[in-house]
file run.csv (CSV, C-alpha atoms)
chain,number,residue,atom,x,y,z
K,113,MET,CA,11.1,6.7,18.0
K,114,VAL,CA,13.6,9.5,17.8
K,115,LEU,CA,16.4,7.0,18.2
K,116,VAL,CA,15.2,4.9,15.3
K,117,ILE,CA,14.9,7.9,13.0
K,118,VAL,CA,18.4,9.2,14.0
K,119,VAL,CA,20.0,5.8,13.5
K,120,ALA,CA,18.3,5.3,10.1
K,121,ALA,CA,19.4,8.8,9.0
K,122,LEU,CA,23.0,8.1,10.0
K,123,ALA,CA,22.9,4.7,8.2
K,124,LEU,CA,21.7,6.4,5.0
K,125,LEU,CA,24.5,9.0,5.3
K,126,ALA,CA,27.0,6.3,5.9
K,127,GLY,CA,25.8,4.4,2.9
K,128,LEU,CA,26.1,7.5,0.7
K,129,ALA,CA,29.5,8.2,2.0
K,130,ALA,CA,30.7,4.6,1.4
K,131,ASN,CA,29.4,4.9,-2.2
K,132,ARG,CA,31.3,8.1,-2.7
K,133,TRP,CA,34.7,7.2,-1.1
K,134,LEU,CA,35.0,3.5,-0.3
K,135,ARG,CA,33.4,2.1,-3.5
K,136,PRO,CA,36.3,3.1,-5.8
K,137,ARG,CA,38.7,1.2,-3.5
K,138,LEU,CA,36.6,-1.9,-2.9
K,139,VAL,CA,34.8,-2.5,-6.2
K,140,ASN,CA,36.7,-2.9,-9.4
K,141,ALA,CA,34.0,-1.4,-11.7
K,142,GLY,CA,33.2,1.8,-13.4
K,143,ASP,CA,31.3,4.6,-11.7
K,144,ASP,CA,28.3,4.1,-14.0
K,145,GLU,CA,28.1,0.4,-13.2
K,146,GLY,CA,26.2,-1.1,-10.2
K,147,MET,CA,22.8,-2.2,-9.1
K,148,ALA,CA,19.9,-1.2,-11.3
K,149,VAL,CA,16.5,-0.1,-10.0
K,150,LYS,CA,15.0,-3.5,-10.8
K,151,ASP,CA,17.7,-5.1,-8.5
K,152,LEU,CA,16.4,-3.0,-5.6
K,153,VAL,CA,12.7,-3.7,-6.2
K,154,GLY,CA,13.1,-7.4,-5.1
K,155,PRO,CA,14.0,-6.6,-1.5
K,156,LEU,CA,11.2,-3.9,-1.5
K,157,LEU,CA,8.6,-6.4,-2.6
K,158,THR,CA,9.9,-8.9,0.0
K,159,MET,CA,9.6,-6.4,2.8
K,160,THR,CA,6.1,-5.4,1.7
K,161,ILE,CA,5.0,-9.1,1.7
K,162,LEU,CA,6.5,-9.7,5.1
K,163,LEU,CA,4.9,-6.6,6.6
K,164,LEU,CA,1.5,-7.6,5.2
K,165,SER,CA,1.9,-11.1,6.5
K,166,PHE,CA,2.9,-10.0,10.0
K,167,VAL,CA,0.0,-7.5,10.3
K,168,LEU,CA,-2.4,-10.1,8.9
K,169,VAL,CA,-1.4,-12.6,11.6
K,170,THR,CA,-1.9,-9.9,14.3
K,171,ALA,CA,-5.3,-9.0,13.0
K,172,ASN,CA,-6.3,-12.6,12.7
K,173,GLY,CA,-5.3,-13.2,16.3
K,174,SER,CA,-7.5,-10.4,17.5
K,175,TYR,CA,-10.4,-11.9,15.4
K,176,GLY,CA,-9.9,-15.3,17.0
K,177,LYS,CA,-9.9,-13.8,20.5
K,178,ALA,CA,-13.1,-11.9,19.7
K,179,GLU,CA,-14.9,-15.1,18.5
K,180,VAL,CA,-13.7,-17.1,21.6
K,181,ALA,CA,-14.9,-14.3,23.9
K,182,ALA,CA,-18.3,-14.2,22.2
K,183,ARG,CA,-18.8,-17.9,22.6
K,184,GLY,CA,-17.5,-17.9,26.1
K,185,GLU,CA,-19.9,-15.2,27.2
K,186,ALA,CA,-22.8,-17.2,25.8
K,187,ARG,CA,-21.7,-20.3,27.6
K,188,ALA,CA,-21.3,-18.4,30.9
K,189,LEU,CA,-24.8,-16.9,30.5
K,190,ASP,CA,-26.2,-20.3,29.8
K,191,GLN,CA,-24.4,-21.7,32.9
K,192,LEU,CA,-25.9,-18.8,34.9
K,193,VAL,CA,-29.4,-19.8,33.8
K,194,GLU,CA,-28.9,-23.4,34.6
K,195,THR,CA,-27.4,-22.7,38.0
K,196,ALA,CA,-30.4,-20.5,38.8
K,197,GLU,CA,-32.5,-23.7,38.9
K,198,TYR,CA,-31.1,-24.3,42.3
K,199,ALA,CA,-32.2,-20.9,43.6
K,200,PRO,CA,-35.5,-20.1,45.3
K,201,ALA,CA,-38.4,-19.5,43.0
K,202,GLY,CA,-38.4,-15.7,43.2
K,203,GLU,CA,-34.7,-15.3,42.6
K,204,ARG,CA,-34.8,-18.0,39.9
K,205,SER,CA,-37.4,-16.1,38.0
K,206,ASP,CA,-35.4,-12.8,38.3
K,207,ILE,CA,-32.2,-14.4,37.1
K,208,GLN,CA,-33.6,-16.3,34.2
K,209,ALA,CA,-35.7,-13.3,33.0
K,210,GLY,CA,-32.7,-11.1,33.3
K,211,ALA,CA,-30.6,-13.5,31.3
K,212,VAL,CA,-33.1,-13.4,28.4
K,213,CYS,CA,-33.2,-9.6,28.5
K,214,TYR,CA,-29.4,-9.4,28.7
K,215,ALA,CA,-29.0,-11.6,25.7
K,216,ARG,CA,-31.5,-9.6,23.8
K,217,ALA,CA,-29.7,-6.3,24.6
K,218,VAL,CA,-26.4,-7.8,23.5
K,219,ARG,CA,-27.8,-9.2,20.3
K,220,THR,CA,-29.9,-6.2,19.2
K,221,GLN,CA,-28.1,-3.2,20.6
K,222,GLU,CA,-24.5,-4.0,21.5
K,223,TRP,CA,-23.7,-6.2,18.5
K,224,PRO,CA,-24.5,-3.5,15.9
K,225,ALA,CA,-22.6,-0.9,18.0
K,226,MET,CA,-19.5,-3.1,18.0
K,227,SER,CA,-19.2,-2.8,14.2
K,228,ASP,CA,-17.9,0.7,14.9
K,229,GLY,CA,-15.8,-0.4,17.9
K,230,ASN,CA,-18.3,0.8,20.5
K,231,GLY,CA,-20.4,-0.9,23.2
K,232,SER,CA,-23.8,-0.4,24.7
K,233,SER,CA,-25.1,0.4,28.2
K,234,ALA,CA,-28.2,-1.7,27.7
K,235,PRO,CA,-26.7,-5.1,28.8
K,236,SER,CA,-25.3,-3.4,31.9
K,237,VAL,CA,-28.8,-2.8,33.2
K,238,TRP,CA,-29.4,-6.5,33.5
K,239,SER,CA,-25.9,-7.5,34.8
K,240,THR,CA,-26.5,-5.0,37.6
K,241,GLY,CA,-29.8,-6.7,38.2
K,242,PHE,CA,-28.0,-10.0,38.5
K,243,ARG,CA,-25.8,-8.7,41.3
K,244,GLN,CA,-28.7,-7.2,43.1
K,245,THR,CA,-30.5,-10.6,43.1
K,246,PHE,CA,-27.3,-12.3,44.3
K,247,GLU,CA,-27.2,-10.2,47.4
K,248,THR,CA,-30.5,-11.8,48.6
K,249,LEU,CA,-28.9,-15.2,48.2
K,250,ALA,CA,-25.7,-14.6,50.2
K,251,ASP,CA,-26.5,-17.2,52.7
K,252,GLN,CA,-27.6,-19.8,50.1
K,253,PRO,CA,-25.3,-22.6,48.8
K,254,VAL,CA,-26.0,-21.6,45.2
K,255,PHE,CA,-24.6,-18.1,45.8
K,256,GLY,CA,-20.9,-19.0,45.0
K,257,MET,CA,-21.9,-20.8,41.8
K,258,LEU,CA,-24.0,-17.9,40.6
K,259,VAL,CA,-21.3,-15.4,41.3
K,260,ALA,CA,-18.6,-17.5,39.6
K,261,ALA,CA,-20.8,-17.8,36.4
K,262,ASP,CA,-21.6,-14.1,36.4
K,263,ASN,CA,-17.9,-13.2,36.8
K,264,LYS,CA,-17.1,-15.4,33.9
K,265,ARG,CA,-19.8,-13.7,31.8
K,266,SER,CA,-18.5,-10.3,32.8
K,267,ASP,CA,-14.9,-11.2,31.9
K,268,GLU,CA,-15.9,-12.6,28.5
K,269,ARG,CA,-18.0,-9.5,27.7
K,270,GLU,CA,-15.1,-7.3,28.6
K,271,GLU,CA,-12.8,-9.3,26.3
K,272,ARG,CA,-15.4,-9.1,23.5
K,273,LEU,CA,-15.6,-5.4,23.8
K,274,THR,CA,-11.8,-5.0,23.9
K,275,GLN,CA,-11.4,-7.0,20.7
K,276,ALA,CA,-14.2,-5.0,19.0
K,277,THR,CA,-11.8,-2.1,18.7
K,278,SER,CA,-9.1,-2.1,16.0
K,279,SER,CA,-5.9,-3.9,17.0
K,280,ILE,CA,-4.0,-2.2,14.3
K,281,PRO,CA,-3.4,1.5,14.7
K,282,GLY,CA,-4.4,3.7,11.8
K,283,THR,CA,-0.8,4.9,11.4
K,284,ILE,CA,0.3,1.3,10.6
K,285,PHE,CA,-2.5,0.8,8.1
K,286,TRP,CA,-1.6,4.0,6.2
K,287,PHE,CA,2.0,3.0,6.3
K,288,LEU,CA,1.1,-0.3,4.7
K,289,LEU,CA,-1.0,1.5,2.1
K,290,ALA,CA,1.9,3.8,1.3
K,291,THR,CA,4.3,0.8,1.1
K,292,LEU,CA,1.9,-0.9,-1.4
K,293,VAL,CA,1.8,2.3,-3.6
K,294,ILE,CA,5.6,2.6,-3.6
K,295,THR,CA,6.1,-1.1,-4.4
K,296,VAL,CA,3.7,-1.1,-7.3
K,297,THR,CA,5.1,2.2,-8.6
K,298,ALA,CA,8.7,0.8,-8.4
K,299,LEU,CA,7.7,-2.3,-10.2
K,300,GLY,CA,6.0,-0.3,-12.9
K,301,ILE,CA,9.2,1.8,-13.4
K,302,CYS,CA,11.2,-1.4,-14.1
K,303,LEU,CA,8.8,-2.8,-16.8
K,304,PRO,CA,9.8,-2.4,-20.4
K,305,ARG,CA,7.8,0.1,-22.5
K,306,ARG,CA,7.3,-2.3,-25.4
K,307,ASN,CA,6.4,-5.9,-25.8
K,308,ASN,CA,5.4,-5.9,-22.1
K,309,ARG,CA,2.0,-7.6,-22.1
K,310,GLY,CA,3.2,-10.4,-19.9
K,311,GLN,CA,4.9,-8.1,-17.5
K,312,ILE,CA,1.8,-5.9,-17.3
K,313,VAL,CA,-0.4,-8.9,-16.5
K,314,THR,CA,2.0,-9.9,-13.8
K,315,LEU,CA,2.0,-6.4,-12.3
K,316,VAL,CA,-1.8,-6.4,-12.3
K,317,VAL,CA,-1.8,-9.8,-10.5
K,318,ILE,CA,0.7,-8.7,-7.9
K,319,THR,CA,-1.2,-5.5,-7.3
K,320,GLY,CA,-4.4,-7.4,-6.9
K,321,LEU,CA,-2.9,-9.9,-4.4
K,322,LEU,CA,-1.3,-7.1,-2.3
K,323,THR,CA,-4.6,-5.2,-2.4
K,324,CYS,CA,-6.6,-8.3,-1.4
K,325,ALA,CA,-4.2,-8.9,1.5
K,326,LEU,CA,-4.6,-5.3,2.7
K,327,VAL,CA,-8.4,-5.5,2.4
K,328,ILE,CA,-8.5,-8.7,4.3
K,329,ILE,CA,-6.4,-7.2,7.1
K,330,ARG,CA,-8.7,-4.2,7.3
K,331,ASP,CA,-11.8,-6.4,7.4
K,332,VAL,CA,-10.5,-9.0,9.9
K,333,ASP,CA,-9.3,-6.1,12.1
K,334,ARG,CA,-13.0,-5.3,12.6
K,335,PRO,CA,-14.3,-8.6,13.8
K,336,PHE,CA,-17.9,-7.4,14.4
K,337,GLY,CA,-18.2,-5.4,11.2
K,338,GLY,CA,-17.4,-5.8,7.5
K,339,ILE,CA,-17.6,-8.9,5.3
K,340,ILE,CA,-15.9,-11.5,7.6
K,341,ASP,CA,-17.7,-10.6,10.7
K,342,ILE,CA,-18.7,-12.6,13.8
K,343,SER,CA,-22.4,-13.2,14.1
K,344,PRO,CA,-24.3,-13.4,17.4
K,345,THR,CA,-25.2,-17.0,16.8
K,346,ALA,CA,-24.1,-18.2,20.3
K,347,ILE,CA,-25.8,-15.5,22.3
K,348,THR,CA,-28.9,-15.9,20.2
K,349,GLU,CA,-29.1,-19.6,21.0
K,350,THR,CA,-28.5,-18.9,24.7
K,351,GLU,CA,-31.3,-16.4,24.6
K,352,ARG,CA,-33.6,-19.0,23.0
K,353,GLN,CA,-32.8,-21.6,25.7
K,354,ALA,CA,-33.1,-19.1,28.5
K,355,GLU,CA,-36.5,-17.9,27.3
K,356,ARG,CA,-37.6,-21.5,27.0
K,357,ASP,CA,-36.6,-22.3,30.6
K,358,PHE,CA,-38.2,-19.1,31.9
K,359,THR,CA,-41.5,-19.9,30.0
K,360,THR,CA,-41.5,-23.4,31.3
K,361,ASN,CA,-40.9,-22.4,35.0
K,362,HIS,CA,-43.0,-19.3,35.0
K,363,PRO,CA,-45.7,-19.6,32.3
K,364,ALA,CA,-47.9,-16.9,33.7
K,365,THR,CA,-45.1,-14.3,34.1
K,366,ASP,CA,-44.1,-11.8,31.4
K,367,LEU,CA,-40.6,-10.9,30.7
K,368,PRO,CA,-39.5,-7.5,32.1
K,369,CYS,CA,-38.2,-6.3,28.7
K,370,ASP,CA,-39.1,-5.8,25.1
K,371,GLY,CA,-37.7,-7.5,22.0
K,372,GLU,CA,-34.6,-5.3,22.1
K,373,GLY,CA,-33.8,-5.8,25.8
K,374,ASN,CA,-35.1,-2.5,27.1
K,375,ARG,CA,-36.8,-2.6,30.5
K,376,THR,CA,-40.5,-2.5,30.4
K,377,ALA,CA,-41.4,-3.3,34.0
call {"tool": "encode", "arguments": {"input": "run.csv", "output": "C-alpha cells"}}
result
Amino acid sequence: MVLVIVVAALALLAGLAANRWLRPRLVNAGDDEGMAVKDLVGPLLTMTILLLSFVLVTANGSYGKAEVAARGEARALDQLVETAEYAPAGERSDIQAGAVCYARAVRTQEWPAMSDGNGSSAPSVWSTGFRQTFETLADQPVFGMLVAADNKRSDEREERLTQATSSIPGTIFWFLLATLVITVTALGICLPRRNNRGQIVTLVVITGLLTCALVIIRDVDRPFGGIIDISPTAITETERQAERDFTTNHPATDLPCDGEGNRTA
C-alpha cells in the first residue's frame, strides 16, 4: 500500500514538473491553452463506470455461490434422509427426525441471522446428533454413505455461511461512493449555466444510473438480506419431504423439536 501511494505521489510530481518545464519545449501553444476541465471528466466517468462494473461482477459472483451452496445443502440433507432408509429402524428414526429439526433451525433461526452476516448455533445441535447416531452404525454398510452425505451437507453449510458475509470491504464501498460524488460534481461544474435543460436532464439520468449500480452492488453483496435476497425455498422443501418420510415411517412418534428447531425431548 505504501509503495502504491509513493509511486502515485511521484507520478503526480513528475506530471506537474513536466507541465512546468517540458511543456514549453514540446507543445507549440500558449501557457493559457490546454485541456479544459470537461476534457478530464470523460476519463473520470469511464473510471467510475469500470470500477462499478468490476465490483458488481465480484458481488454477483458471491451471490451466485451463496445460492448454489444453499441448494447444495438442501440436496445433501435430502440425500441423508433417503440414505437413512437403509439404516436400522432406531437409527433411521433419529436421522430423519434430526433432518427435519435441522431444516427447521436453518429456516427459522439461521436464515434471518444471515441477513446481518451471522450464523446460528441451533442447526449445530442436530448435526452433532447426526454424528452421534453414525457412531452406532460404524459396522453397517450404510455408514459410509451417511457420512459422505453429512460431509457434503456440512461443506455446503460452511460455504453458505461464508458467502453470507460481505465480499466487498467497507473501505471499497465508501471509495466507490466518494468516486460517484466526485464524478457527479465534476460533471456539474462542466455544465453551462444557461440554456442547460438538456444537460441537467442528462446529469440527473447519469446520477440515477450510477446510484442504481451502487445500490445493486450493496444489495447483491448481502445475498440473504435486502431486496434481492435468497429465500430458503430449497431447505423448506427438504424439510417438508423429510417430515413426510418421518411421519410415514414413524406415525406414532413425535418430533424431538418445536416449529423453530429447538430441542423439546
call {"tool": "atom_distance", "arguments": {"input": "run.csv", "atom1": "atom CA of K:Thr220", "atom2": "atom CA of K:Glu372"}}
result
5.6 Å
call {"tool": "closest_atom_pairs", "arguments": {"input": "run.csv", "of": "stretch 217-314 of chain K", "to": "stretch 320-335 of chain K", "cutoff": "9 Å", "atoms": "all atoms listed in the file", "output": "CSV"}}
result
residue,atom,partner,partner_atom,distance
K:Met226,CA,K:Pro335,CA,8.7
K:Ser227,CA,K:Arg334,CA,6.9
K:Asp228,CA,K:Arg334,CA,8.1
K:Gly229,CA,K:Arg334,CA,7.7
K:Gln275,CA,K:Pro335,CA,7.7
K:Ala276,CA,K:Pro335,CA,6.3
K:Thr277,CA,K:Arg334,CA,7.0
K:Ser278,CA,K:Asp333,CA,5.6
K:Ser279,CA,K:Asp333,CA,6.4
K:Ile280,CA,K:Asp333,CA,6.9
K:Phe285,CA,K:Arg330,CA,8.0
K:Leu288,CA,K:Leu326,CA,7.8
K:Leu289,CA,K:Leu326,CA,7.7
K:Leu292,CA,K:Leu322,CA,7.0
call {"tool": "residues_around", "arguments": {"input": "run.csv", "residues": "stretch 355-368 of chain K", "least_positions_apart": "2", "cutoff": "6 Å", "atoms": "only C-alpha atoms", "output": "PyMOL selection string"}}
result
chain K and resi 208-209+212+352-353+375-377
call {"tool": "residues_around", "arguments": {"input": "run.csv", "residues": "K:Leu249", "least_positions_apart": "6", "cutoff": "10 Å", "atoms": "all atoms listed in the file", "output": "ChimeraX atom specification"}}
result
/K:199-200,203,243,255-256,258
call {"tool": "atom_distance", "arguments": {"input": "run.csv", "atom1": "atom CA of K:Asn374", "atom2": "atom CA of K:Glu222"}}
result
12.1 Å
call {"tool": "residues_around", "arguments": {"input": "run.csv", "residues": "K:Lys264", "least_positions_apart": "5", "cutoff": "10 Å", "atoms": "all atoms listed in the file", "output": "PyMOL selection string"}}
result
chain K and resi 184-185+187-189+191-192+258-259+269-270
call {"tool": "closest_residue", "arguments": {"input": "run.csv", "among": "K:Arg309, K:Ser232, K:Cys302, K:Tyr198", "to": "K:Gln252", "atoms": "all atoms listed in the file"}}
result
K:Tyr198
call {"tool": "residues_around", "arguments": {"input": "run.csv", "residues": "K:Ala217", "least_positions_apart": "2", "cutoff": "7 Å", "atoms": "only C-alpha atoms", "output": "ChimeraX atom specification"}}
result
/K:213-215,219-222,234-235,372-373
call {"tool": "closest_residue", "arguments": {"input": "run.csv", "among": "K:Ala196, K:Ala201, K:Gly338, K:Thr274", "to": "K:Phe242", "atoms": "all atoms listed in the file"}}
result
K:Ala196
